[in-house]
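Below is one structure, written out as structure tokens; the observations come after it.
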Amino acid sequence: GSPGQWYLHLFDTRQPDLNWDNPEVREEMISVLRFWLDRGVDGFRVDVAHGLVKAAGLPDWSARSSMVAGSALGNAVPASPPYFDQDGVHEIFREWRRV
């Protein structure tokens, strides 16, 4: 990016996250889905689908959380971080399902 610009990455610096609040991002994904569906694919794999939508303002999160319920993580916090499991993901899934 240009100086003074940044992007969110939760896993690797070479994997920038997309801003699903941007209508252009949603339209582009619909275009990609249609492209592959028109070619006969039967389905899609979406890694970290529960992380598409972030809490408003993306508040800081310093607590530890477990990826698996009941796992021994010491001081694991049962709440989800602000970058996972937000209600808005369901509307995105509904858009995809309509396609």
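Convention: chains lettered A, B, ... in structure tokens order; per-chain residue numbering from 1; ligands numbered from 1 as shown.
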
Checklist entry - Counting only C-alpha atoms, what is within 10 Å of Phe93 (chain A), bar same-chain residues fewer than 4 positions away, as a PyMOL selection string? => result chain A and resi 49+52+88-89+97-98

Filtering to N, CA, C and O atoms, could you give me those residues as a JSON list (two decimals), in the first residue's frame?
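Now in selection_0.json:
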```json
[["chain", "number", "residue", "atom", "x", "y", "z"],
["A", 49, "ALA", "N", -15.10, -18.38, 7.43],
["A", 49, "ALA", "CA", -16.35, -17.71, 7.05],
["A", 49, "ALA", "C", -16.95, -16.95, 8.23],
["A", 49, "ALA", "O", -17.61, -15.93, 8.04],
["A", 52, "LEU", "N", -15.90, -12.96, 8.48],
["A", 52, "LEU", "CA", -16.09, -11.96, 7.42],
["A", 52, "LEU", "C", -16.46, -10.59, 7.98],
["A", 52, "LEU", "O", -16.03, -9.57, 7.45],
["A", 88, "GLY", "N", -23.64, -10.03, 11.31],
["A", 88, "GLY", "CA", -23.65, -9.62, 9.91],
["A", 88, "GLY", "C", -23.23, -10.69, 8.93],
["A", 88, "GLY", "O", -23.53, -10.59, 7.74],
["A", 89, "VAL", "N", -22.53, -11.72, 9.39],
["A", 89, "VAL", "CA", -22.10, -12.77, 8.45],
["A", 89, "VAL", "C", -23.29, -13.47, 7.83],
["A", 89, "VAL", "O", -23.23, -13.91, 6.68],
["A", 97, "ARG", "N", -26.26, -17.42, -0.97],
["A", 97, "ARG", "CA", -27.23, -18.50, -1.18],
["A", 97, "ARG", "C", -28.21, -18.15, -2.30],
["A", 97, "ARG", "O", -28.60, -19.00, -3.08],
["A", 98, "ARG", "N", -28.60, -16.86, -2.38],
["A", 98, "ARG", "CA", -29.51, -16.43, -3.44],
["A", 98, "ARG", "C", -28.88, -16.61, -4.83],
["A", 98, "ARG", "O", -29.58, -16.88, -5.79]]
```

Nearby residues (only C-alpha atoms) at most 12 Å from region 54-58 of chain A, same-chain spacing under 3 positions excluded, as a JSON list (two decimals) with N, CA and C atoms, in the first residue's frame:
```
[["chain", "number", "residue", "atom", "x", "y", "z"],
["A", 8, "LEU", "N", -6.01, -4.71, 7.41],
["A", 8, "LEU", "CA", -6.17, -5.70, 8.47],
["A", 8, "LEU", "C", -5.74, -7.07, 7.96],
["A", 10, "LEU", "N", -5.44, -10.95, 9.89],
["A", 10, "LEU", "CA", -5.56, -11.69, 11.14],
["A", 10, "LEU", "C", -4.64, -12.90, 11.20],
["A", 17, "ASP", "N", -7.42, -8.86, 4.85],
["A", 17, "ASP", "CA", -8.84, -9.10, 5.03],
["A", 17, "ASP", "C", -9.61, -8.15, 4.12],
["A", 18, "LEU", "N", -10.78, -8.55, 3.70],
["A", 18, "LEU", "CA", -11.64, -7.70, 2.87],
["A", 18, "LEU", "C", -12.63, -6.96, 3.76],
["A", 19, "ASN", "N", -13.01, -5.78, 3.33],
["A", 19, "ASN", "CA", -13.99, -4.98, 4.06],
["A", 19, "ASN", "C", -15.38, -5.30, 3.51],
["A", 20, "TRP", "N", -16.11, -6.17, 4.18],
["A", 20, "TRP", "CA", -17.42, -6.62, 3.71],
["A", 20, "TRP", "C", -18.50, -5.57, 3.89],
["A", 21, "ASP", "N", -18.17, -4.44, 4.51],
["A", 21, "ASP", "CA", -19.10, -3.31, 4.57],
["A", 21, "ASP", "C", -19.09, -2.53, 3.26],
["A", 49, "ALA", "N", -15.10, -18.38, 7.43],
["A", 49, "ALA", "CA", -16.35, -17.71, 7.05],
["A", 49, "ALA", "C", -16.95, -16.95, 8.23],
["A", 50, "HIS", "N", -16.71, -17.42, 9.42],
["A", 50, "HIS", "CA", -17.27, -16.74, 10.61],
["A", 50, "HIS", "C", -16.52, -15.45, 10.92],
["A", 51, "GLY", "N", -15.49, -15.12, 10.14],
["A", 51, "GLY", "CA", -14.71, -13.92, 10.38],
["A", 51, "GLY", "C", -14.88, -12.84, 9.32],
["A", 61, "TRP", "N", -8.67, -6.46, 21.20],
["A", 61, "TRP", "CA", -8.98, -7.73, 21.86],
["A", 61, "TRP", "C", -7.67, -8.33, 22.33],
["A", 80, "SER", "N", -16.62, -14.47, 22.15],
["A", 80, "SER", "CA", -15.93, -14.41, 20.86],
["A", 80, "SER", "C", -15.21, -13.08, 20.72],
["A", 81, "PRO", "N", -14.07, -13.08, 20.05],
["A", 81, "PRO", "CA", -13.38, -11.82, 19.78],
["A", 81, "PRO", "C", -14.21, -10.97, 18.81],
["A", 82, "PRO", "N", -13.92, -9.68, 18.70],
["A", 82, "PRO", "CA", -14.72, -8.80, 17.86],
["A", 82, "PRO", "C", -14.55, -9.04, 16.36],
["A", 83, "TYR", "N", -13.68, -9.96, 15.98],
["A", 83, "TYR", "CA", -13.48, -10.25, 14.57],
["A", 83, "TYR", "C", -14.05, -11.61, 14.16],
["A", 84, "PHE", "N", -14.76, -12.28, 15.04],
["A", 84, "PHE", "CA", -15.41, -13.56, 14.72],
["A", 84, "PHE", "C", -16.86, -13.55, 15.21],
["A", 85, "ASP", "N", -17.68, -14.34, 14.52],
["A", 85, "ASP", "CA", -19.05, -14.64, 14.97],
["A", 85, "ASP", "C", -19.94, -13.42, 15.15],
["A", 86, "GLN", "N", -19.83, -12.46, 14.24],
["A", 86, "GLN", "CA", -20.71, -11.30, 14.28],
["A", 86, "GLN", "C", -21.97, -11.60, 13.47],
["A", 87, "ASP", "N", -23.09, -11.03, 13.90],
["A", 87, "ASP", "CA", -24.37, -11.32, 13.25],
["A", 87, "ASP", "C", -24.39, -11.02, 11.76],
["A", 88, "GLY", "N", -23.64, -10.03, 11.31],
["A", 88, "GLY", "CA", -23.65, -9.62, 9.91],
["A", 88, "GLY", "C", -23.23, -10.69, 8.93],
["A", 89, "VAL", "N", -22.53, -11.72, 9.39],
["A", 89, "VAL", "CA", -22.10, -12.77, 8.45],
["A", 89, "VAL", "C", -23.29, -13.47, 7.83]]
```

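For the pair CA of Leu33 (chain A) and CA of Asp47 (chain A), the separation is 15.0 Å.
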
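Between CA of Val99 (chain A) and CA of Arg34 (chain A) there is a distance of 7.1 Å.
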
Next on the checklist: I need the residues of chain A that end up classed as helix (DSSP H, G or I) by DSSP on the backbone, written out as a list of chain:residue names.
Outcome noted: A:Pro23, A:Glu24, A:Val25, A:Arg26, A:Glu27, A:Glu28, A:Met29, A:Ile30, A:Ser31, A:Val32, A:Leu33, A:Arg34, A:Phe35, A:Trp36, A:Leu37, A:Asp38, A:Ala49, A:His50, A:Gly51, A:Val89, A:His90, A:Glu91, A:Ile92, A:Phe93, A:Arg94, A:Glu95, A:Trp96, A:Arg97, A:Arg98
